[in-house]
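Encoded as structure tokens, the structure appears first; notes follow it.
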Amino acid sequence: MPSSGDQSTADKPVTDIGVQRLARVYAQAILDAAGNAGCRNEVLDELRALATEVLPKVPAAAKVFASPRVSVEEKGAMIDKICAGRVLPTTLHSLHVLARHDRLGLLANVVAAAGQLADERDGLQRAEFTTAVPLDAAEREQVVADTAKALGLRLAPTFTVNPDVLGGLVVRVEDTVYDQSVATGLQRLGRSLKQRSIHEIQYRRDRLGTP
Amino acid sequence: MKFNTDEIASVLREEIDRFERKIDVRDVGRVLEVGDGIARVWGLQGVMAGEMVEFPGGITGLAFNLEENSVGVIILGDYLKVTEGDEVRSTGKLLSVPVGEAVIGRVLDPLGNPLDGKGPVISDERRPVETLAPGVAERSPVREPLQTGIKAIDAMTPIGRGQRELIIGDRKTGKTAIGIDAIINQKNSGVKCFYVAVGQKDSSVAVAIDTLRKYGAMDYTTVIVAGASTAAPLQYIAPYSGTAMAEYFMYKGEHALIVYDDLSKQATAYRQLSLLMRRPPGREAYPGDVFYAHSRLLERSAKLSAELGSGSLTSLPIIETLEGEVSAYIPTNVISITDGQIYLQPDLFFAGQRPAMNVGISVSRVGGAAQTKAMKKVAGGLRLDLASFRELEAFAQLGTDLDAATQQRLDRGYRMVELLKQGQFAPMDVVDQVFSIYAGTRGHLDAVKREDVATWEKDFITFVRDQVPELRARVVNSKELDAEGERMLEAAIAEFKRQWAARESGAKAGPKAVAAAR
């Protein structure tokens, strides 16, 4: 599925349930600590930058973080070397905590979970808008505003382009999908036509067949 | 037949004109893992237990396990077409099957899809596969008999409409044959029949369907097939679907009979599902609720009260035992749920006694209440007599000298055993059964050679039909054998015995004399 560019890979839901539960625990702790220090969004941005911008550029670093062969002390030293003085103390401490528990490999998952948790705490619902063609900024704004108003929710939108929907719009808010795409409409029409013709044929046959 | 294509086209055009583009709102999840007929789904936050979900390509599933972070779904269809990452949508509906007259005479899968190539099942009505059984106030006692046409069963372990009678025995002891015979005997009785084949070889099911068709039983029978190669989820729900179709007639005030062949295979399928779903295993690795799985199924068989139309659903569950082990988990469970059991034994089967019913441990807890008065009168005590005969027979094998009275009891027993033998697919009318059992229990067969008992019986029944039709009509109409009827029957037997003796002596004299006597 091609992305419109503003959807980060770290925000994609994780399919390993065990990892996800674990990440959520760390995410909660990090958010609480950052909240107490009064720098929640900054910490979140720094962690997100690290997970989505820095690590993908240095795949070796990600491997080292995840590797059990590198000792916890070495990982801690690496973090100090990379981040000390460049990030907020809360961010650094969070990374150290992850390193000490040998969970640095889950950094991307923790960041994704923290993002989701922060949205939940802000009363924002994650909404994914899928269209067949890319929308411009004004259209995006309009669509988000209209949807938020119709559903009575505050939305944290992401946009996806998928030519398979043919036309119209598909909005997914959490687990609920509001689908007014041409593809689904055609599918439904096809199904009902098929059912109707089977019914007609059978009905006529039964009517003629029974004495 | 030719269809008017223009007419169909205009109907479709109308359908397109009326088509509205509504927003399709659905609750969705994503498949995390899939295999062996089950899928683990992430999302589907609002799904309810037992709700139907839909995979891409129209494959249905059933929400089975609701866990903290995922939903366990059993896939009712081709699970090989479901892949990781597929979108799953909830439907807000319970699993249901088509019901009504349209299913009669059809061979269907557990979802109500046709397997007989006779086109789709067109029915406006559907019933949920899982429904609550009728409560105490909605039932009435089982009183009306359901004739199986098998002498041994109708006389000794009578089955009433609304009863659950278990058929239990080792493999190849004639369990299915009893179920099929009972279905064949429902011809002209207005009872709708359902044969649910679970985990059976497709070849055996084909034979059963062929037999039913041959004896004209498919006109009032529905066959629900989840064969041995069908995925476990479908085998698990097959008995529930069959019951839903049969219940429709019960709630309409009609009578239905359902044969579950067999529930041990269903329990195995359920065990497979539960273990894959990581539900904790219990005895013999079955899940803790396997008893409930069977009890909630069999409780749906009932005799409804007069206010609800007095309909009934009779069930004949079949259980296969291993080496006669009735104390295994599933057999004891189902024995305790049902209202009696017919126990079939391989040694009796191979000794030529068919049906190979062990009368000592076969019972019907409804008992005489589900017999016609005539049958009750002639067959009362027969079961106990036969059971004591079996004991006596074992004792006599020790080779001790027997007194005359004991020998006489043994002779009577041997003849009763012969009399209760019956061929497959040859159900007998209940009135004929009464005459034949009367002759046996009253000792009229004592002088007949053991190997001649079957011929004697056959000829006697023909004799009564042809030469004493007023006696038959009397019992058919009144359903009882009063003093006058009994007197007429005694007279008929005496007359037949005379003819039989003449024939016997003729046979000794030579074939010419036989021809002359006839």
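Order determines the names: the first chain of the structure tokens is A, the second B, and so forth; residues in each chain are numbered 1 upward, and ligands are numbered 1 upward as they are shown.
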Worksheet item: Which residues come within 10 Å of region 39-49 of chain B, counting only C-alpha atoms, excluding same-chain residues fewer than 2 positions away, as number ranges by chain?
Response: A: 13-17, 174-176; B: 26-37, 51-53, 61-75, 79, 82-94, 276-277
Take the residues from that selection and write them out as a compact mmCIF listing (two decimals), in the first residue's frame, keeping C-alpha atoms.
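Resulting contents of result15.txt:
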```txt
# COMPACT_ATOMS: atom_id res chain seq x y z
CA PRO A 13 0.53 -1.46 14.45
CA VAL A 14 2.70 -4.31 15.55
CA THR A 15 1.45 -7.83 14.99
CA ASP A 16 3.42 -9.61 17.71
CA ILE A 17 1.05 -9.43 20.64
CA GLU A 174 -9.59 2.46 15.55
CA ASP A 175 -11.26 -0.85 14.59
CA THR A 176 -14.29 0.60 12.84
CA ARG B 26 -17.88 -2.44 9.85
CA ASP B 27 -15.76 -3.45 12.76
CA VAL B 28 -12.52 -4.89 11.49
CA GLY B 29 -9.46 -6.74 12.63
CA ARG B 30 -6.40 -8.25 11.06
CA VAL B 31 -5.34 -11.89 10.87
CA LEU B 32 -2.20 -12.45 12.92
CA GLU B 33 -1.84 -16.15 12.37
CA VAL B 34 -3.86 -18.87 10.73
CA GLY B 35 -3.69 -22.63 10.58
CA ASP B 36 -5.58 -25.88 11.15
CA GLY B 37 -8.95 -24.22 10.82
CA GLU B 51 -20.56 -13.82 16.55
CA MET B 52 -20.07 -14.54 12.87
CA VAL B 53 -17.10 -12.79 11.26
CA GLY B 61 -15.72 -17.62 10.87
CA LEU B 62 -16.98 -17.75 14.42
CA ALA B 63 -15.51 -15.70 17.27
CA PHE B 64 -14.61 -18.48 19.66
CA ASN B 65 -12.12 -17.08 22.17
CA LEU B 66 -12.11 -13.45 23.27
CA GLU B 67 -8.73 -12.71 24.78
CA GLU B 68 -7.10 -9.60 26.15
CA ASN B 69 -5.28 -8.68 22.97
CA SER B 70 -6.65 -10.96 20.30
CA VAL B 71 -9.68 -12.89 19.18
CA GLY B 72 -9.57 -16.64 18.40
CA VAL B 73 -11.74 -17.38 15.40
CA ILE B 74 -12.72 -20.78 14.03
CA ILE B 75 -12.86 -20.74 10.24
CA TYR B 79 -8.87 -21.91 5.79
CA VAL B 82 -7.07 -17.02 4.58
CA THR B 83 -3.65 -15.44 4.92
CA GLU B 84 -1.82 -13.42 7.52
CA GLY B 85 -2.70 -9.74 7.36
CA ASP B 86 -6.17 -10.31 5.85
CA GLU B 87 -8.90 -7.99 7.01
CA VAL B 88 -11.59 -9.65 9.13
CA ARG B 89 -14.92 -7.94 9.60
CA SER B 90 -17.56 -8.58 12.19
CA THR B 91 -21.11 -8.98 10.98
CA GLY B 92 -23.09 -8.41 14.17
CA LYS B 93 -24.99 -11.62 13.45
CA LEU B 94 -25.03 -15.08 14.94
CA LEU B 276 -5.41 -25.29 19.09
CA MET B 277 -7.15 -22.40 20.85
```
* Asked: When DSSP works through the backbone of this structure, what residues of chain A end up as strand (DSSP E), shown as a list in words?
  ->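 Reading the DSSP output for chain A, strand (DSSP E) covers Leu124, Gln125, Arg126, Ala127, Glu128, Phe129, Thr130, Thr131, Arg154, Leu155, Ala156, Pro157, Thr158, Phe159, Thr160, Val161, Gly168, Leu169, Val170, Val171, Arg172, Val173, Thr176, Val177, Tyr178, Asp179, Gln180 and Ser181 of chain A.
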Just-selected residues, N, CA and C atoms written as a compact mmCIF listing (two decimals), in the first residue's frame:
```
# COMPACT_ATOMS: atom_id res chain seq x y z
N LEU A 124 -7.65 11.74 21.52
CA LEU A 124 -7.62 11.69 20.05
C LEU A 124 -7.81 10.24 19.60
N GLN A 125 -8.58 10.07 18.54
CA GLN A 125 -8.75 8.74 17.98
C GLN A 125 -7.94 8.68 16.69
N ARG A 126 -7.24 7.59 16.51
CA ARG A 126 -6.44 7.46 15.29
C ARG A 126 -7.36 7.16 14.10
N ALA A 127 -7.24 7.96 13.08
CA ALA A 127 -8.09 7.75 11.91
C ALA A 127 -7.22 7.64 10.68
N GLU A 128 -7.49 6.62 9.86
CA GLU A 128 -6.73 6.44 8.63
C GLU A 128 -7.66 6.70 7.46
N PHE A 129 -7.29 7.67 6.64
CA PHE A 129 -8.11 8.02 5.47
C PHE A 129 -7.48 7.41 4.24
N THR A 130 -8.23 6.59 3.54
CA THR A 130 -7.70 5.96 2.33
C THR A 130 -8.47 6.46 1.12
N THR A 131 -7.75 6.94 0.13
CA THR A 131 -8.39 7.42 -1.10
C THR A 131 -7.66 6.81 -2.29
N ARG A 154 -12.45 13.56 18.23
CA ARG A 154 -11.23 14.29 17.84
C ARG A 154 -10.31 13.28 17.18
N LEU A 155 -9.81 13.62 16.03
CA LEU A 155 -9.09 12.63 15.24
C LEU A 155 -7.61 12.96 15.10
N ALA A 156 -6.78 11.92 15.12
CA ALA A 156 -5.36 12.04 14.77
C ALA A 156 -5.23 11.37 13.40
N PRO A 157 -5.27 12.16 12.30
CA PRO A 157 -5.39 11.53 10.98
C PRO A 157 -4.07 11.08 10.37
N THR A 158 -4.18 10.03 9.57
CA THR A 158 -3.09 9.66 8.67
C THR A 158 -3.74 9.42 7.31
N PHE A 159 -2.96 9.62 6.25
CA PHE A 159 -3.54 9.50 4.90
C PHE A 159 -2.82 8.44 4.09
N THR A 160 -3.60 7.64 3.39
CA THR A 160 -3.03 6.58 2.56
C THR A 160 -3.66 6.65 1.17
N VAL A 161 -2.86 6.36 0.15
CA VAL A 161 -3.42 6.29 -1.20
C VAL A 161 -3.42 4.83 -1.64
N GLY A 168 -14.07 7.44 -4.05
CA GLY A 168 -14.70 7.56 -2.75
C GLY A 168 -13.66 7.57 -1.64
N LEU A 169 -14.11 7.29 -0.43
CA LEU A 169 -13.24 7.45 0.73
C LEU A 169 -13.48 6.31 1.72
N VAL A 170 -12.41 5.81 2.31
CA VAL A 170 -12.54 4.82 3.37
C VAL A 170 -11.87 5.40 4.61
N VAL A 171 -12.63 5.49 5.70
CA VAL A 171 -12.07 6.03 6.94
C VAL A 171 -12.04 4.91 7.97
N ARG A 172 -10.91 4.69 8.55
CA ARG A 172 -10.83 3.69 9.62
C ARG A 172 -10.50 4.40 10.92
N VAL A 173 -11.43 4.37 11.87
CA VAL A 173 -11.20 4.95 13.18
C VAL A 173 -11.06 3.79 14.15
N THR A 176 -13.07 0.47 13.62
CA THR A 176 -14.29 0.60 12.84
C THR A 176 -13.98 1.24 11.50
N VAL A 177 -14.51 0.65 10.44
CA VAL A 177 -14.26 1.17 9.10
C VAL A 177 -15.54 1.76 8.54
N TYR A 178 -15.47 3.02 8.08
CA TYR A 178 -16.60 3.65 7.40
C TYR A 178 -16.22 3.68 5.93
N ASP A 179 -16.90 2.89 5.14
CA ASP A 179 -16.44 2.65 3.78
C ASP A 179 -17.46 3.18 2.79
N GLN A 180 -17.09 4.24 2.05
CA GLN A 180 -17.96 4.67 0.96
C GLN A 180 -17.15 4.67 -0.33
N SER A 181 -16.42 3.60 -0.52
CA SER A 181 -15.59 3.52 -1.72
C SER A 181 -16.38 2.92 -2.86
```
The residue from B:Pro120, B:Pro114, B:Gly77, B:Gly135 with the smallest atom-to-atom distance to chain A, counting only C-alpha atoms, is B:Pro120
Task: Spatial neighbours of Leu193 (chain A), 12 Å, only C-alpha atoms, chain gap at least 6 places, as a list in words - done: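 Close residues of Leu193 (chain A): Leu186, Gln187, His199 and Glu200 of chain A; Ile8, Ala9, Ser10, Val11, Leu12, Arg13, Glu14, Glu15, Ile16, Asp17, Arg18 and Phe19 of chain B.
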Restricting the output to N, CA and C atoms, write the selected residues as a PDB file, in the first residue's frame.
```pdb
ATOM      1  N   LEU A 186     -19.491  -1.477  -5.630  1.00  0.00           N
ATOM      2  CA  LEU A 186     -19.623  -2.399  -6.769  1.00  0.00           C
ATOM      3  C   LEU A 186     -19.716  -3.843  -6.291  1.00  0.00           C
ATOM      4  N   GLN A 187     -18.918  -4.146  -5.269  1.00  0.00           N
ATOM      5  CA  GLN A 187     -18.964  -5.507  -4.726  1.00  0.00           C
ATOM      6  C   GLN A 187     -20.354  -5.833  -4.200  1.00  0.00           C
ATOM      7  N   HIS A 199     -32.318 -16.247  -7.083  1.00  0.00           N
ATOM      8  CA  HIS A 199     -33.643 -16.346  -6.480  1.00  0.00           C
ATOM      9  C   HIS A 199     -34.716 -16.407  -7.562  1.00  0.00           C
ATOM     10  N   GLU A 200     -34.591 -15.497  -8.566  1.00  0.00           N
ATOM     11  CA  GLU A 200     -35.595 -15.459  -9.637  1.00  0.00           C
ATOM     12  C   GLU A 200     -35.648 -16.780 -10.387  1.00  0.00           C
TER      13      GLU A 200
ATOM     14  N   ILE B   8     -35.714 -11.762 -16.622  1.00  0.00           N
ATOM     15  CA  ILE B   8     -34.659 -11.733 -15.600  1.00  0.00           C
ATOM     16  C   ILE B   8     -33.868 -10.433 -15.721  1.00  0.00           C
ATOM     17  N   ALA B   9     -33.586 -10.029 -16.972  1.00  0.00           N
ATOM     18  CA  ALA B   9     -32.821  -8.801 -17.182  1.00  0.00           C
ATOM     19  C   ALA B   9     -33.574  -7.601 -16.611  1.00  0.00           C
ATOM     20  N   SER B  10     -34.898  -7.587 -16.787  1.00  0.00           N
ATOM     21  CA  SER B  10     -35.649  -6.436 -16.275  1.00  0.00           C
ATOM     22  C   SER B  10     -35.642  -6.421 -14.751  1.00  0.00           C
ATOM     23  N   VAL B  11     -35.677  -7.614 -14.164  1.00  0.00           N
ATOM     24  CA  VAL B  11     -35.604  -7.690 -12.698  1.00  0.00           C
ATOM     25  C   VAL B  11     -34.277  -7.123 -12.211  1.00  0.00           C
ATOM     26  N   LEU B  12     -33.205  -7.470 -12.928  1.00  0.00           N
ATOM     27  CA  LEU B  12     -31.874  -6.999 -12.521  1.00  0.00           C
ATOM     28  C   LEU B  12     -31.756  -5.486 -12.718  1.00  0.00           C
ATOM     29  N   ARG B  13     -32.355  -4.993 -13.810  1.00  0.00           N
ATOM     30  CA  ARG B  13     -32.300  -3.551 -14.057  1.00  0.00           C
ATOM     31  C   ARG B  13     -32.980  -2.804 -12.903  1.00  0.00           C
ATOM     32  N   GLU B  14     -34.103  -3.362 -12.496  1.00  0.00           N
ATOM     33  CA  GLU B  14     -34.859  -2.779 -11.383  1.00  0.00           C
ATOM     34  C   GLU B  14     -33.992  -2.757 -10.114  1.00  0.00           C
ATOM     35  N   GLU B  15     -33.274  -3.861  -9.933  1.00  0.00           N
ATOM     36  CA  GLU B  15     -32.402  -3.983  -8.755  1.00  0.00           C
ATOM     37  C   GLU B  15     -31.320  -2.898  -8.788  1.00  0.00           C
ATOM     38  N   ILE B  16     -30.762  -2.665  -9.994  1.00  0.00           N
ATOM     39  CA  ILE B  16     -29.707  -1.649 -10.113  1.00  0.00           C
ATOM     40  C   ILE B  16     -30.293  -0.263  -9.848  1.00  0.00           C
ATOM     41  N   ASP B  17     -31.495  -0.017 -10.367  1.00  0.00           N
ATOM     42  CA  ASP B  17     -32.116   1.294 -10.156  1.00  0.00           C
ATOM     43  C   ASP B  17     -32.343   1.565  -8.679  1.00  0.00           C
ATOM     44  N   ARG B  18     -32.695   0.493  -7.976  1.00  0.00           N
ATOM     45  CA  ARG B  18     -33.025   0.674  -6.566  1.00  0.00           C
ATOM     46  C   ARG B  18     -31.778   0.705  -5.686  1.00  0.00           C
ATOM     47  N   PHE B  19     -30.620   0.413  -6.289  1.00  0.00           N
ATOM     48  CA  PHE B  19     -29.404   0.286  -5.482  1.00  0.00           C
ATOM     49  C   PHE B  19     -28.981   1.635  -4.906  1.00  0.00           C
TER      50      PHE B  19
END
```
If you count only C-alpha atoms, the residue of A:Arg69, A:Arg40, A:Arg24, A:Arg140 closest to chain B turns out to be A:Arg24
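Around His96 (chain A), within 12 Å and counting only C-alpha atoms, the residues found are Tyr26, Ile30, Phe65, Val72, Glu73, Glu74, Lys75, Gly76, Ala77, Met78, Ile79, Asp80, Lys81, Ile82, Cys83, Ala84, Pro89, Thr90, Thr91, His101, Asp102, Arg103, Leu104 and Leu107 of chain A, once anything fewer than 5 positions away on its own chain is removed.
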Hey, can you spit out that residue selection with N, CA and C atoms as a CSV table (one decimal), in the first residue's frame?
```csv
chain,number,residue,atom,x,y,z
A,26,TYR,N,6.5,-0.2,28.8
A,26,TYR,CA,7.6,0.8,28.8
A,26,TYR,C,7.1,2.2,28.4
A,30,ILE,N,7.5,5.7,30.3
A,30,ILE,CA,8.2,6.8,29.7
A,30,ILE,C,7.3,8.0,29.7
A,65,PHE,N,21.7,-3.0,19.0
A,65,PHE,CA,20.7,-2.8,20.1
A,65,PHE,C,19.9,-4.1,20.4
A,72,VAL,N,24.8,-5.6,28.4
A,72,VAL,CA,24.0,-4.4,28.8
A,72,VAL,C,24.9,-3.2,29.0
A,73,GLU,N,26.1,-3.4,29.6
A,73,GLU,CA,27.0,-2.3,29.9
A,73,GLU,C,27.4,-1.6,28.6
A,74,GLU,N,27.8,-2.4,27.6
A,74,GLU,CA,28.2,-1.9,26.3
A,74,GLU,C,27.1,-1.1,25.7
A,75,LYS,N,25.9,-1.6,25.7
A,75,LYS,CA,24.8,-0.9,25.1
A,75,LYS,C,24.6,0.5,25.8
A,76,GLY,N,24.7,0.4,27.2
A,76,GLY,CA,24.6,1.7,27.9
A,76,GLY,C,25.6,2.7,27.5
A,77,ALA,N,26.9,2.2,27.4
A,77,ALA,CA,28.0,3.1,26.9
A,77,ALA,C,27.7,3.7,25.6
A,78,MET,N,27.1,2.8,24.7
A,78,MET,CA,26.8,3.3,23.3
A,78,MET,C,25.8,4.4,23.3
A,79,ILE,N,24.8,4.3,24.2
A,79,ILE,CA,23.8,5.3,24.3
A,79,ILE,C,24.3,6.6,24.8
A,80,ASP,N,25.2,6.5,25.8
A,80,ASP,CA,25.8,7.7,26.3
A,80,ASP,C,26.6,8.4,25.2
A,81,LYS,N,27.3,7.6,24.4
A,81,LYS,CA,28.1,8.1,23.3
A,81,LYS,C,27.3,8.8,22.3
A,82,ILE,N,26.2,8.2,21.9
A,82,ILE,CA,25.3,8.8,20.8
A,82,ILE,C,24.5,10.0,21.3
A,83,CYS,N,23.9,9.8,22.5
A,83,CYS,CA,22.9,10.8,22.9
A,83,CYS,C,23.3,11.8,24.0
A,84,ALA,N,24.2,11.5,24.8
A,84,ALA,CA,24.5,12.3,26.0
A,84,ALA,C,24.7,13.8,25.5
A,89,PRO,N,17.3,15.0,29.4
A,89,PRO,CA,17.7,13.9,30.4
A,89,PRO,C,16.7,12.8,30.5
A,90,THR,N,15.4,13.1,30.4
A,90,THR,CA,14.4,12.1,30.5
A,90,THR,C,14.5,11.1,29.4
A,91,THR,N,14.8,11.6,28.2
A,91,THR,CA,14.9,10.7,27.0
A,91,THR,C,16.1,9.8,27.2
A,101,HIS,N,17.3,-3.2,30.9
A,101,HIS,CA,16.5,-4.4,30.8
A,101,HIS,C,16.6,-5.2,29.5
A,102,ASP,N,17.6,-4.8,28.8
A,102,ASP,CA,17.8,-5.5,27.5
A,102,ASP,C,16.6,-5.4,26.6
A,103,ARG,N,16.0,-4.3,26.5
A,103,ARG,CA,14.8,-4.1,25.6
A,103,ARG,C,15.0,-3.1,24.6
A,104,LEU,N,16.3,-2.7,24.3
A,104,LEU,CA,16.5,-1.7,23.3
A,104,LEU,C,16.0,-2.1,21.9
A,107,LEU,N,12.7,-0.7,20.7
A,107,LEU,CA,12.6,0.8,20.7
A,107,LEU,C,11.5,1.2,19.8
```
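Considering only C-alpha atoms, the residue among B:Arg213, B:Arg127, B:Lys265, B:Arg365 positioned nearest to Ile342 (chain B) is B:Arg365.
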For region 152-164 of chain B, find every residue with an atom within 6 Å (counting only C-alpha atoms), except residues of its own chain fewer than 4 positions away, and show them as a list in words.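 Counting only C-alpha atoms, the residues come to Val142, Glu144, Pro145, Leu146, Ser301, Ala302, Lys303, Ser312, Leu313, Thr314, Ser315, Leu316, Thr338, Asp339, Val363, Ser364, Ala370, Ala379, Arg383 and Leu420 of chain B.
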re CA of Lys149 (chain A) and CA of Ala113 (chain A): distance 26.6 Å
- Item | Who sits within 6 Å of Ala132 (chain A), only C-alpha atoms, same chain under 2 positions skipped, as number ranges by chain | A: 161-163, 165-167
Filtering to N, CA and C atoms, could you give me those residues as an mmCIF file, in the first residue's frame?
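So the final result, stored in again.cif, reads:
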```cif
data_model
loop_
_atom_site.group_PDB
_atom_site.id
_atom_site.type_symbol
_atom_site.label_atom_id
_atom_site.label_comp_id
_atom_site.auth_asym_id
_atom_site.auth_seq_id
_atom_site.Cartn_x
_atom_site.Cartn_y
_atom_site.Cartn_z
ATOM 1 N N VAL A 161 -2.864 6.356 0.152
ATOM 2 C CA VAL A 161 -3.419 6.293 -1.205
ATOM 3 C C VAL A 161 -3.419 4.830 -1.638
ATOM 4 N N ASN A 162 -4.581 4.358 -2.075
ATOM 5 C CA ASN A 162 -4.694 2.982 -2.551
ATOM 6 C C ASN A 162 -5.598 2.958 -3.773
ATOM 7 N N PRO A 163 -5.025 2.818 -4.965
ATOM 8 C CA PRO A 163 -5.839 2.873 -6.190
ATOM 9 C C PRO A 163 -6.926 1.800 -6.212
ATOM 10 N N VAL A 165 -9.241 1.191 -4.209
ATOM 11 C CA VAL A 165 -10.580 1.604 -3.760
ATOM 12 C C VAL A 165 -11.355 2.268 -4.900
ATOM 13 N N LEU A 166 -10.704 2.544 -6.006
ATOM 14 C CA LEU A 166 -11.287 3.118 -7.241
ATOM 15 C C LEU A 166 -11.766 4.554 -7.082
ATOM 16 N N GLY A 167 -12.482 4.844 -6.034
ATOM 17 C CA GLY A 167 -12.980 6.192 -5.831
ATOM 18 C C GLY A 167 -13.618 6.252 -4.473
#
```
- Message: Residues within 6 Å of Ala182 (chain B), please, as a PyMOL selection string. Count only C-alpha atoms; anything in the same chain fewer than 3 positions from it doesn't count.
- Response: chain B and resi 148+179+185
re CA of Tyr292 (chain B) and CA of Gly311 (chain B): distance 24.5 Å
>> as a PyMOL selection string, please: every residue in region 50-171 of chain A that DSSP puts in helix (DSSP H, G or I).
In response: chain A and resi 50-57+59-66+72-83+89-100+104-121+137-151+163-165
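As for CA of Ile258 (chain B) and CA of Ala351 (chain B), they are spaced 29.9 Å apart.
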Of B:Gly199, B:Ala501, B:Leu298, B:Gln424, the one sitting nearest Ile180 (chain B) when using only C-alpha atoms is B:Gln424
Counting only C-alpha atoms, closest pick from B:Lys192, B:Arg354, B:Arg409, B:Arg279 relative to Thr222 (chain B) is B:Lys192
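Shortest atom-to-atom contact with Glu254 (chain B) among B:Cys193, B:Ile167, B:Val417, B:Val448: B:Cys193, counting only C-alpha atoms.
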